[in-house]
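Structure file structure.txt with compact mmCIF, C-alpha atoms:
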```txt
# COMPACT_ATOMS: atom_id res chain seq x y z
CA MET N 60 6.73 -3.06 24.65
CA ASN N 61 9.60 -2.93 22.12
CA LYS N 62 8.27 -1.56 18.85
CA ALA N 63 10.38 -3.94 16.79
CA ALA N 64 8.58 -6.86 18.37
CA TYR N 65 5.40 -5.97 16.54
CA LEU N 66 6.46 -7.67 13.35
CA SER N 67 6.48 -10.93 15.30
CA LEU N 68 2.92 -10.43 16.49
CA VAL N 69 1.84 -13.51 14.56
CA ALA N 70 3.29 -15.41 17.48
CA ILE N 71 1.43 -13.18 19.91
CA LEU N 72 -1.83 -12.16 18.33
CA VAL N 73 -4.73 -14.54 18.20
CA ALA N 74 -7.19 -15.28 15.47
CA VAL N 75 -10.67 -16.67 15.60
CA THR N 76 -11.48 -19.89 13.81
CA LEU N 77 -13.09 -18.77 10.57
CA VAL N 78 -15.47 -20.88 8.53
CA ALA N 79 -14.23 -20.99 4.96
CA PRO N 80 -16.79 -19.88 2.39
CA SER N 81 -16.36 -23.16 0.49
CA SER N 82 -17.54 -25.17 3.52
CA ILE N 83 -21.09 -23.80 3.35
CA THR N 84 -23.29 -24.92 0.48
CA VAL N 85 -26.05 -22.61 -0.71
CA HIS N 86 -28.51 -23.94 -3.28
CA PRO N 87 -28.94 -21.54 -6.23
CA LEU N 88 -32.68 -21.33 -5.55
CA GLN N 89 -32.30 -20.86 -1.81
CA ARG N 90 -33.03 -17.40 -0.47
CA ARG N 91 -29.77 -15.89 0.66
CA GLN N 92 -29.62 -14.73 4.23
CA GLY N 93 -28.38 -11.36 5.37
CA VAL N 94 -25.09 -10.95 7.21
CA ASN N 95 -25.08 -12.74 10.55
CA CYS N 96 -22.59 -10.99 12.80
CA THR N 97 -23.43 -12.82 16.03
CA ASP N 98 -23.22 -16.48 15.03
CA PRO N 99 -19.71 -17.71 15.93
CA ASN N 100 -19.94 -20.31 13.15
CA ALA N 101 -20.95 -17.87 10.42
CA ILE N 102 -18.58 -16.61 7.78
CA THR N 103 -17.07 -13.34 8.88
CA SER N 104 -18.13 -10.24 6.98
CA GLY N 105 -16.60 -6.80 6.64
CA LEU N 106 -20.09 -5.36 7.10
CA CYS N 107 -19.98 -6.44 10.73
CA TRP N 108 -17.53 -3.70 11.65
CA GLU N 109 -20.41 -1.23 11.36
CA GLU N 110 -23.17 -3.67 12.28
CA LEU N 111 -21.56 -4.47 15.65
CA HIS N 112 -20.44 -0.85 16.26
CA LEU N 113 -16.94 -2.14 16.90
CA ALA N 114 -15.23 1.26 16.98
CA GLU N 115 -17.63 2.47 19.66
CA TYR N 116 -17.26 -0.77 21.61
CA LEU N 117 -13.45 -0.69 21.56
CA THR N 118 -13.26 3.01 22.41
CA ASP N 119 -15.59 2.54 25.36
CA TRP N 120 -13.63 -0.50 26.59
CA HIS N 121 -10.34 1.35 26.33
CA THR N 122 -11.66 4.46 28.06
CA ASN N 123 -13.09 2.50 30.98
CA ARG N 124 -10.65 -0.40 31.26
CA PRO N 125 -9.39 -1.05 34.81
CA ILE N 126 -5.70 -0.38 35.40
CA CYS N 127 -3.77 -2.78 37.61
CA SER N 128 -1.87 -1.40 40.55
CA THR N 129 1.23 -3.40 39.59
CA ILE N 130 2.72 -4.76 36.40
CA TYR N 131 1.35 -7.89 34.77
CA GLY N 132 2.67 -11.01 36.45
CA THR N 133 2.30 -9.76 40.04
CA LEU N 134 -1.22 -8.39 39.80
CA GLU N 135 -2.81 -7.30 43.04
CA ASP N 136 -6.13 -6.42 41.43
CA GLY N 137 -6.67 -9.76 39.73
CA ALA N 138 -6.44 -10.65 36.04
CA ASN N 139 -9.25 -8.38 34.83
CA CYS N 140 -7.16 -5.26 34.37
CA CYS N 141 -4.44 -3.80 32.17
CA ALA N 142 -0.92 -3.20 33.42
CA PRO N 143 -0.01 0.50 33.78
CA ASN N 144 2.13 0.62 30.62
CA GLU N 145 0.50 -2.22 28.70
CA VAL N 146 -0.62 -1.28 25.20
CA TRP N 147 -4.30 -1.83 24.52
CA SER N 148 -3.84 -4.68 22.03
CA THR N 149 -1.88 -7.02 24.30
CA CYS N 150 -4.20 -6.30 27.21
CA PHE N 151 -7.26 -6.97 25.06
CA ILE N 152 -5.85 -10.29 23.89
CA ARG N 153 -4.95 -11.39 27.41
CA LEU N 154 -8.33 -10.49 28.85
CA ALA N 155 -10.10 -12.24 25.97
CA ILE N 156 -8.37 -15.61 26.28
CA GLY N 157 -7.89 -15.62 30.05
CA ASN N 158 -4.68 -15.66 32.03
CA HIS N 159 -2.78 -17.85 29.57
CA GLY N 160 0.04 -15.60 28.48
CA TYR N 161 0.70 -14.66 24.87
CA ASN N 162 1.53 -18.04 23.34
CA CYS N 163 -1.72 -18.89 21.56
CA ILE N 164 -1.59 -18.43 17.81
CA ASN N 165 -5.17 -19.52 17.11
CA ILE N 166 -8.23 -19.50 19.28
CA ASN N 167 -9.59 -22.98 18.94
CA GLU N 168 -10.05 -25.93 21.24
CA GLY N 169 -6.73 -27.42 20.21
CA THR N 170 -4.55 -24.55 21.34
CA CYS N 171 -6.54 -22.18 23.54
CA PRO N 172 -9.64 -22.20 25.69
CA ASN N 173 -12.80 -20.53 24.54
CA PHE N 174 -13.28 -16.80 25.05
CA GLN N 175 -13.34 -15.84 28.68
CA VAL N 176 -16.15 -13.35 28.00
CA GLY N 177 -19.91 -13.23 28.27
CA ALA N 178 -22.16 -14.09 25.36
CA SER N 179 -23.33 -10.49 25.03
CA ILE N 180 -19.89 -9.27 23.92
CA ALA N 181 -18.53 -12.46 22.32
CA PRO N 182 -19.28 -11.25 18.75
CA GLN N 183 -17.43 -7.99 19.32
CA VAL N 184 -14.46 -9.78 20.84
CA ARG N 185 -14.40 -12.30 18.01
CA TYR N 186 -14.33 -9.62 15.34
CA ILE N 187 -11.78 -7.39 17.06
CA LEU N 188 -9.40 -10.29 17.64
CA GLY N 189 -9.85 -11.44 14.06
CA THR N 190 -9.24 -7.93 12.74
CA MET N 191 -6.11 -7.58 14.87
CA TYR N 192 -4.78 -10.84 13.51
CA ASN N 193 -5.58 -9.95 9.90
CA ILE N 194 -3.91 -6.53 10.16
CA ASN N 195 -0.82 -8.01 11.77
CA ASN N 196 -0.67 -10.76 9.16
CA PHE N 197 -1.05 -8.18 6.40
CA PHE N 198 1.85 -6.06 7.69
CA SER N 199 4.03 -9.15 8.17
CA ASN N 200 3.29 -10.31 4.62
CA TRP N 201 3.96 -6.83 3.28
CA ASN N 202 7.33 -6.70 5.01
CA GLY N 203 8.17 -10.21 3.82
CA ALA N 204 7.39 -9.36 0.20
CA LEU N 205 9.53 -6.23 -0.01
CA PRO N 206 12.95 -7.94 -0.32
CA TYR N 207 11.82 -9.57 -3.56
CA ALA N 208 10.43 -6.23 -4.74
CA THR N 209 13.81 -4.65 -3.99
CA LEU N 210 15.52 -7.33 -6.06
CA SER N 211 13.06 -6.66 -8.88
CA ALA N 212 13.94 -2.96 -8.86
CA LEU N 213 17.63 -3.84 -8.67
CA LEU N 214 17.38 -5.89 -11.85
CA ILE N 215 16.08 -2.97 -13.93
CA ASN N 216 18.54 -0.42 -12.63
CA GLN N 217 21.56 -1.12 -14.83
CA PRO N 218 19.56 -1.78 -18.04
CA LEU N 219 17.80 1.53 -17.46
CA VAL N 220 21.12 3.32 -16.95
CA LEU N 221 22.44 1.91 -20.21
CA GLU N 222 19.22 2.80 -22.05
CA ILE N 223 18.65 6.45 -21.11
CA ASP N 224 21.25 7.54 -18.53
CA PRO N 225 24.62 6.47 -19.96
CA ILE N 226 26.35 9.73 -19.01
CA GLN N 227 24.93 9.50 -15.48
CA LYS N 228 22.84 12.64 -15.04
CA THR N 229 20.39 11.20 -12.52
CA ASN N 230 20.80 11.66 -8.77
CA LEU N 231 18.23 10.34 -6.28
CA LEU N 232 17.70 10.89 -2.56
CA PHE N 233 17.95 7.73 -0.49
CA SER N 234 14.89 8.85 1.48
CA ASP N 235 12.87 9.09 -1.75
CA LEU N 236 13.89 5.56 -2.77
CA LEU N 237 12.81 4.21 0.60
CA SER N 238 9.46 5.98 0.39
CA ALA N 239 8.89 4.77 -3.16
CA LEU N 240 9.62 1.19 -2.16
CA THR N 241 7.40 1.09 0.92
CA ALA N 242 4.63 2.88 -0.99
CA GLY N 243 4.71 0.30 -3.77
CA LEU N 244 1.72 -1.62 -2.44
CA SER N 245 -0.41 1.51 -2.23
CA PHE N 246 0.73 2.62 -5.67
CA ILE N 247 -0.74 -0.46 -7.38
CA ALA N 248 -4.30 0.15 -6.13
CA ALA N 249 -5.60 0.70 -9.64
CA PRO N 250 -8.46 -0.93 -11.60
CA GLU N 251 -6.10 -2.47 -14.13
CA LEU N 252 -4.11 -4.14 -11.36
CA SER N 253 -6.65 -6.46 -9.81
CA GLY N 254 -6.12 -9.83 -8.19
CA LEU N 255 -4.57 -10.57 -4.82
CA ALA N 256 -2.14 -7.66 -4.75
CA GLY N 257 -4.83 -5.26 -5.94
CA THR N 258 -7.20 -6.37 -3.16
CA ALA N 259 -4.50 -5.90 -0.54
CA ALA N 260 -3.55 -2.52 -2.01
CA THR N 261 -7.15 -1.30 -1.89
CA ALA N 262 -7.45 -2.34 1.75
CA LEU N 263 -4.24 -0.50 2.61
CA ILE N 264 -5.27 2.69 0.80
CA LYS N 265 -8.62 2.81 2.60
CA GLY N 266 -6.93 2.13 5.93
CA LEU N 267 -4.33 4.86 5.44
CA GLN N 268 -6.87 7.44 4.32
CA ALA N 269 -8.99 6.76 7.41
CA ALA N 270 -6.00 6.64 9.78
CA PRO N 271 -3.52 9.37 8.78
CA SER N 272 -1.53 8.70 11.94
CA VAL N 273 -0.47 5.37 10.42
CA ALA N 274 0.60 7.03 7.16
CA LYS N 275 2.61 9.56 9.16
CA ALA N 276 4.34 6.73 11.05
CA ILE N 277 5.31 4.93 7.84
CA TRP N 278 6.33 8.04 5.88
CA PRO N 279 7.57 10.61 8.40
CA THR N 280 8.54 14.05 7.15
CA GLY N 281 11.73 15.89 7.96
CA THR N 282 13.55 12.95 9.50
CA ALA N 283 14.57 10.79 6.55
CA ASP N 284 18.05 10.35 5.11
CA SER N 285 18.73 13.25 2.73
CA GLN N 286 21.87 11.71 1.22
CA SER N 287 21.77 11.37 -2.56
CA GLU N 288 23.45 8.98 -4.96
CA GLN N 289 23.90 8.68 -8.70
CA LEU N 290 21.51 6.25 -10.39
CA ALA N 291 24.34 4.07 -11.67
CA ASN N 292 25.57 3.52 -8.10
CA LEU N 293 22.29 2.59 -6.45
CA ASP N 294 22.81 -1.16 -6.49
CA SER N 295 24.70 -1.25 -3.20
CA TYR N 296 22.07 0.90 -1.46
CA LEU N 297 19.11 -1.12 -2.74
CA SER N 298 20.77 -4.36 -1.69
CA GLN N 299 20.95 -3.11 1.92
CA ILE N 300 17.59 -1.34 2.20
CA ASP N 301 15.77 -4.17 4.02
CA GLN N 302 16.34 -2.93 7.56
CA ASN N 303 15.18 0.56 6.67
CA PHE N 304 11.81 -0.47 5.28
CA THR N 305 11.30 -2.97 8.11
CA THR N 306 11.66 -0.09 10.58
CA ARG N 307 9.01 1.96 8.77
CA ILE N 308 6.49 -0.85 8.45
CA THR N 309 7.05 -1.83 12.08
CA GLN N 310 6.34 1.75 13.12
CA GLY N 311 3.09 1.73 11.16
CA LEU N 312 1.95 -1.53 12.75
CA TYR N 313 2.98 -0.36 16.21
CA THR N 314 0.90 2.79 15.79
CA ILE N 315 -2.18 0.70 14.99
CA MET N 316 -1.68 -1.76 17.83
CA SER N 317 -0.84 0.84 20.47
CA ASP N 318 -3.36 3.56 19.63
CA VAL N 319 -7.09 2.75 19.62
CA PRO N 320 -8.16 5.65 17.33
CA SER N 321 -5.53 4.56 14.79
CA PHE N 322 -6.76 0.96 14.96
CA ASN N 323 -10.39 2.04 14.58
CA GLY N 324 -9.59 4.26 11.63
CA PHE N 325 -7.42 1.71 9.84
CA ALA N 326 -9.99 -1.06 10.33
CA SER N 327 -13.07 1.07 9.66
CA SER N 328 -13.54 -0.07 6.05
CA GLY N 329 -14.22 -3.58 7.35
CA GLN N 330 -11.85 -5.12 4.80
CA PHE N 331 -9.70 -6.59 7.56
CA SER N 332 -12.77 -8.06 9.28
CA GLY N 333 -14.09 -10.23 6.47
CA PRO N 334 -12.98 -13.33 4.58
CA ASN N 335 -10.90 -11.52 1.94
CA ASN N 336 -7.43 -12.90 1.44
CA LEU N 337 -5.14 -9.92 1.99
CA SER N 338 -1.89 -11.85 2.06
CA LEU N 339 0.88 -11.16 -0.43
CA PRO N 340 3.11 -13.74 -2.09
CA ALA N 341 6.75 -13.37 -1.12
CA ASP N 342 7.78 -13.26 -4.80
CA SER N 343 5.43 -10.45 -5.84
CA ASP N 344 7.61 -8.18 -7.96
CA ILE N 345 4.58 -5.97 -8.69
CA LEU N 346 5.27 -4.31 -5.32
CA ALA N 347 8.31 -2.72 -6.95
CA LEU N 348 6.17 -0.92 -9.53
CA GLY N 349 6.20 2.29 -7.49
CA LEU N 350 9.97 2.23 -7.03
CA ARG N 351 10.57 1.32 -10.67
CA THR N 352 8.26 4.15 -11.79
CA PHE N 353 10.07 6.61 -9.55
CA ILE N 354 13.52 5.57 -10.81
CA LEU N 355 12.41 5.51 -14.46
CA SER N 356 10.63 8.87 -14.42
CA SER N 357 13.47 10.56 -12.52
CA ALA N 358 15.97 9.28 -15.08
CA MET N 359 13.74 10.41 -17.95
CA SER N 360 13.44 13.95 -16.61
CA ALA N 361 17.16 14.18 -15.91
CA ASN N 362 17.86 13.19 -19.51
CA LYS N 363 15.47 15.74 -21.10
CA TRP N 364 12.42 13.56 -21.62
CA ARG N 365 9.11 15.30 -21.02
CA ALA N 366 5.45 15.05 -21.94
CA VAL N 367 3.00 17.62 -23.29
CA THR N 368 -0.59 16.86 -22.41
CA ARG N 369 -3.93 17.66 -23.97
CA SER N 370 -7.21 16.83 -22.26
CA ASP N 371 -10.73 15.75 -23.22
CA LEU N 372 -9.76 13.88 -26.38
CA THR N 373 -10.90 10.56 -27.79
CA MET N 374 -8.49 8.16 -29.46
CA ALA N 375 -10.04 9.21 -32.78
CA ASP N 376 -9.26 12.84 -31.95
CA VAL N 377 -5.64 11.95 -31.26
CA ALA N 378 -5.24 10.04 -34.50
CA GLY N 379 -7.08 12.68 -36.55
CA SER N 380 -5.43 14.78 -39.21
CA VAL N 381 -7.78 17.79 -39.30
CA PRO N 382 -5.75 20.96 -38.67
CA GLY N 383 -6.56 22.58 -35.34
CA SER N 384 -8.41 19.51 -34.01
CA GLY N 385 -5.65 18.53 -31.63
CA GLY N 386 -4.92 15.41 -33.65
CA SER N 387 -1.43 14.20 -34.47
CA ASP N 388 -2.20 12.39 -37.75
CA CYS N 389 -0.81 9.26 -36.15
CA THR N 390 -1.54 5.53 -36.11
CA PHE N 391 -2.25 3.63 -32.90
CA GLY N 392 -0.22 0.52 -32.22
CA SER N 393 0.47 -1.45 -29.06
CA ASN N 394 -0.11 -0.04 -25.57
CA ASN N 395 -2.25 2.93 -26.73
CA ILE N 396 0.78 4.51 -28.39
CA CYS N 397 0.08 6.57 -31.51
CA THR N 398 2.99 7.21 -33.90
CA ASN N 399 3.51 9.58 -36.81
CA SER N 400 6.77 8.40 -38.34
CA LYS N 401 6.95 11.30 -40.78
CA ASP N 402 6.81 13.98 -38.09
CA GLU N 403 8.52 11.74 -35.52
CA THR N 404 5.59 12.22 -33.14
CA THR N 405 4.79 9.75 -30.33
CA VAL N 406 1.61 10.13 -28.30
CA PHE N 407 0.33 7.99 -25.43
CA TYR N 408 -3.42 8.00 -24.77
CA SER N 409 -4.75 7.31 -21.25
CA ASN N 410 -8.11 5.55 -21.18
CA SER N 411 -8.51 6.41 -17.50
CA THR N 412 -8.37 10.18 -17.93
CA ALA N 413 -9.00 10.77 -21.69
CA ARG N 414 -5.72 12.67 -21.84
CA ALA N 415 -3.16 12.49 -24.61
CA TYR N 416 0.54 12.82 -23.80
CA GLU N 417 3.00 13.70 -26.54
CA VAL N 418 6.38 12.27 -25.61
CA VAL N 419 9.21 14.71 -26.29
CA LEU N 420 12.96 14.04 -26.13
CA SER N 421 15.18 17.13 -26.35
CA GLY N 422 18.47 15.41 -26.99
CA ALA N 423 19.99 12.07 -27.84
CA GLY N 424 18.27 8.87 -26.82
CA PRO N 425 16.26 5.89 -27.99
CA ASP N 426 13.29 6.17 -30.33
CA PRO N 427 10.33 7.34 -28.16
CA THR N 428 7.81 4.83 -29.55
CA SER N 429 10.19 1.93 -29.11
CA PHE N 430 11.12 3.14 -25.64
CA MET N 431 7.47 3.44 -24.52
CA ASN N 432 6.80 -0.12 -25.65
CA GLU N 433 9.98 -1.26 -23.92
CA ILE N 434 8.76 0.29 -20.66
CA VAL N 435 5.65 -1.87 -20.84
CA ASN N 436 7.30 -5.04 -22.11
CA LYS N 437 10.04 -4.94 -19.49
CA GLU N 438 7.55 -3.89 -16.76
CA TRP N 439 9.53 -0.81 -15.84
CA SER N 440 6.26 1.00 -15.20
CA ASN N 441 2.59 1.25 -16.11
CA LEU N 442 2.13 3.99 -18.70
CA GLU N 443 -1.07 5.39 -17.21
CA GLN N 444 0.57 5.73 -13.83
CA LEU N 445 3.72 7.14 -15.39
CA PHE N 446 1.92 9.89 -17.31
CA ASP N 447 -1.29 10.47 -15.32
CA GLY N 448 0.72 10.40 -12.10
CA ALA N 449 3.09 13.07 -13.41
CA TYR N 450 0.12 15.20 -14.48
CA ASN N 451 -1.50 14.92 -11.05
CA CYS N 452 1.79 15.66 -9.31
CA SER N 453 2.21 18.86 -11.32
CA PHE N 454 -1.32 20.14 -11.86
CA ALA N 455 -3.84 18.47 -9.57
CA PRO N 456 -4.88 20.31 -6.38
CA GLY N 457 -2.43 19.45 -3.65
CA GLY N 458 0.21 18.12 -6.03
CA SER N 459 3.66 18.81 -4.63
CA GLY N 460 5.34 19.18 -8.01
CA ILE N 461 8.12 17.48 -9.95
CA GLY N 462 11.70 17.63 -8.68
CA LYS N 463 10.94 18.08 -4.99
CA PRO N 464 11.65 15.56 -2.21
CA LEU N 465 9.05 12.83 -2.38
CA SER N 466 6.24 13.49 0.10
CA LEU N 467 3.59 10.79 0.36
CA PHE N 468 1.77 12.20 3.38
CA ASN N 469 0.81 15.87 3.49
CA GLY N 470 -0.34 15.89 7.10
CA THR N 471 -3.94 14.91 6.45
CA ALA N 472 -3.93 12.43 3.56
CA VAL N 473 -1.74 10.18 1.43
CA ASP N 474 -0.98 10.96 -2.20
CA PHE N 475 1.09 8.75 -4.48
CA ALA N 476 0.91 10.79 -7.71
CA CYS N 477 4.45 12.11 -7.36
CA MET N 478 5.88 8.62 -7.57
CA SER N 479 6.10 9.69 -11.21
CA GLN N 480 8.68 12.46 -11.61
CA LEU N 481 8.35 12.89 -15.37
CA SER N 482 8.50 16.53 -16.45
CA ILE N 483 5.20 17.58 -17.95
CA SER N 484 3.50 20.64 -19.41
CA GLU N 485 0.02 21.44 -20.66
CA GLY N 486 -0.45 21.92 -24.39
CA LYS N 487 -2.90 24.19 -26.10
```
Represent the structure contained in this file as structure tokens.
Amino acid sequence: MNKAAYLSLVAILVAVTLVAPSSITVHPLQRRQGVNCTDPNAITSGLCWEELHLAEYLTDWHTNRPICSTIYGTLEDGANCCAPNEVWSTCFIRLAIGNHGYNCININEGTCPNFQVGASIAPQVRYILGTMYNINNFFSNWNGALPYATLSALLINQPLVLEIDPIQKTNLLFSDLLSALTAGLSFIAAPELSGLAGTAATALIKGLQAAPSVAKAIWPTGTADSQSEQLANLDSYLSQIDQNFTTRITQGLYTIMSDVPSFNGFASSGQFSGPNNLSLPADSDILALGLRTFILSSAMSANKWRAVTRSDLTMADVAGSVPGSGGSDCTFGSNNICTNSKDETTVFYSNSTARAYEVVLSGAGPDPTSFMNEIVNKEWSNLEQLFDGAYNCSFAPGGSGIGKPLSLFNGTAVDFACMSQLSISEGK
């Protein structure tokens, strides 16, 4: 099957009819029942992935599935077999709904017959089909939301150039920009970024960590475009990036739907098997946060911005004036930014890590305190991800380091810390 066709799997994959949580009334005093994974009318639950042993079921089915002696359409062995080169997902769908082709979008009495399977395996089939549909829908939504995210990044590019890169010192690899854009959804999986996008991001992160083959498909190493361009000239590249990220996301989805271990790993958290809404609005500019952070931090480093960090401090420690205490004798204002106007000191404090970052500019540029607030107000980045990410990229175990080609997959796991390329050093 053509890999590019996998982004149109919504027209191929099938979904079970789910009972919306709002349609079942539970009295506040009524004893709540445990998860029911076998009732076809029950609300689906992510816990059922483990409860029904779906990975074991699917692996066993795939290992022992009958292979037809001819291609689908002229079967000599009957309908209960997979064509020689048929990927597991399309075969599973066809065997589940009977010999009715691939034109059913939903499994319900209005569009498709009931499952053509015995009652003993109906729950497993229901959940696997539903999980397939949810994963496909998630990837399709993700792909559909990226053009708006690209536009969002495009809109900050020229203002950023004028603000801190007027003499055009910043050069970026096209491959790094593409990685930063496609990784944007994973990058926002942070406690302070909850809501719909945060839920989808968390599901993606768990799926990628459990299925490194999918991460490798989306962010391959050693094959990306190594051409570079000056920051001021990126507009034309960003405006034409759509086809490139579609190819990467398609490859990730194809890996899941053509390889059972990848599917089992990606789905193992159960988040694609329950009632969670993992769709993404098409106008979600938050998906560009990773790309914006990468562009911003790269431009800052190229123009002699850096941060000096000190760990294990409270906000009171940072603001303190006792000599030798690590304090900066500063006053906290908006966005956890502490300023000492007399000494021209600007410090950002991260609540997540209890680290303080003194912002240093060795050259001409805007006032650091004003610029940090501008970053937040204009949504160029999230300060904790800008500074903590740079720290992790430089000093955390496995960090690849600032100034190297962006690598989001190290062969065994995904790591998004180096989306921040701000130069950083440890203070005393």
Legend entry - Nearest to Thr390 in chain N by atom-to-atom distance, counting only C-alpha atoms, from N:Leu111, N:Val377, N:Ala366, N:Met431: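 Checking each candidate against Thr390 in chain N, we get N:Val377 as the closest.
With distances restricted to all atoms listed in the file, N:Leu236 is the closest residue to Leu213 in chain N from N:Cys141, N:Asn410, N:Leu236, N:Thr306.
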Inset, instruction - Just give me the gap between CA of Ile187 in chain N and CA of Glu109 in chain N in Å, one decimal is fine. - result: 12.0 Å
Legend entry - Nearest to Thr305 in chain N, chosen from N:Leu205, N:Ile223, N:Leu372, N:Ala259, with all atoms listed in the file counted in the distances: N:Leu205
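What separates CA of Pro425 in chain N from CA of Cys477 in chain N is a distance of 24.6 Å.
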Legend entry - Atomic distance CA of Val367 in chain N - CA of Val381 in chain N, expressed in Å with one decimal: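 For CA of Val367 in chain N relative to CA of Val381 in chain N, the distance reads 19.3 Å.
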Legend entry - Neighbour list for Gly105 in chain N as a PyMOL selection string, cut-off 6 Å, only C-alpha atoms, skip fewer than 4 positions in-chain: chain N and resi 329-330+332-333
Inset, instruction - Find the residues near Pro320 in chain N: any atom within 9 Å, counting all atoms listed in the file, skip ones fewer than 6 places away on the same chain, and give them as a list in words. - result: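 Here the qualifying residues turn out to be Ala114, Thr118 and Ala270 of chain N.
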At a cut-off of 10 Å, using only C-alpha atoms, what residues contact Phe407 in chain N? Leave out same-chain residues fewer than 2 positions from it and give the result as a compact mmCIF listing (two decimals) with C-alpha atoms, keeping the file's coordinate frame.
```txt
# COMPACT_ATOMS: atom_id res chain seq x y z
CA ALA N 366 5.45 15.05 -21.94
CA THR N 368 -0.59 16.86 -22.41
CA MET N 374 -8.49 8.16 -29.46
CA VAL N 377 -5.64 11.95 -31.26
CA PHE N 391 -2.25 3.63 -32.90
CA ASN N 394 -0.11 -0.04 -25.57
CA ASN N 395 -2.25 2.93 -26.73
CA ILE N 396 0.78 4.51 -28.39
CA CYS N 397 0.08 6.57 -31.51
CA THR N 398 2.99 7.21 -33.90
CA THR N 405 4.79 9.75 -30.33
CA SER N 409 -4.75 7.31 -21.25
CA ASN N 410 -8.11 5.55 -21.18
CA ARG N 414 -5.72 12.67 -21.84
CA ALA N 415 -3.16 12.49 -24.61
CA TYR N 416 0.54 12.82 -23.80
CA GLU N 417 3.00 13.70 -26.54
CA VAL N 418 6.38 12.27 -25.61
CA THR N 428 7.81 4.83 -29.55
CA MET N 431 7.47 3.44 -24.52
CA LEU N 442 2.13 3.99 -18.70
CA GLU N 443 -1.07 5.39 -17.21
CA PHE N 446 1.92 9.89 -17.31
```
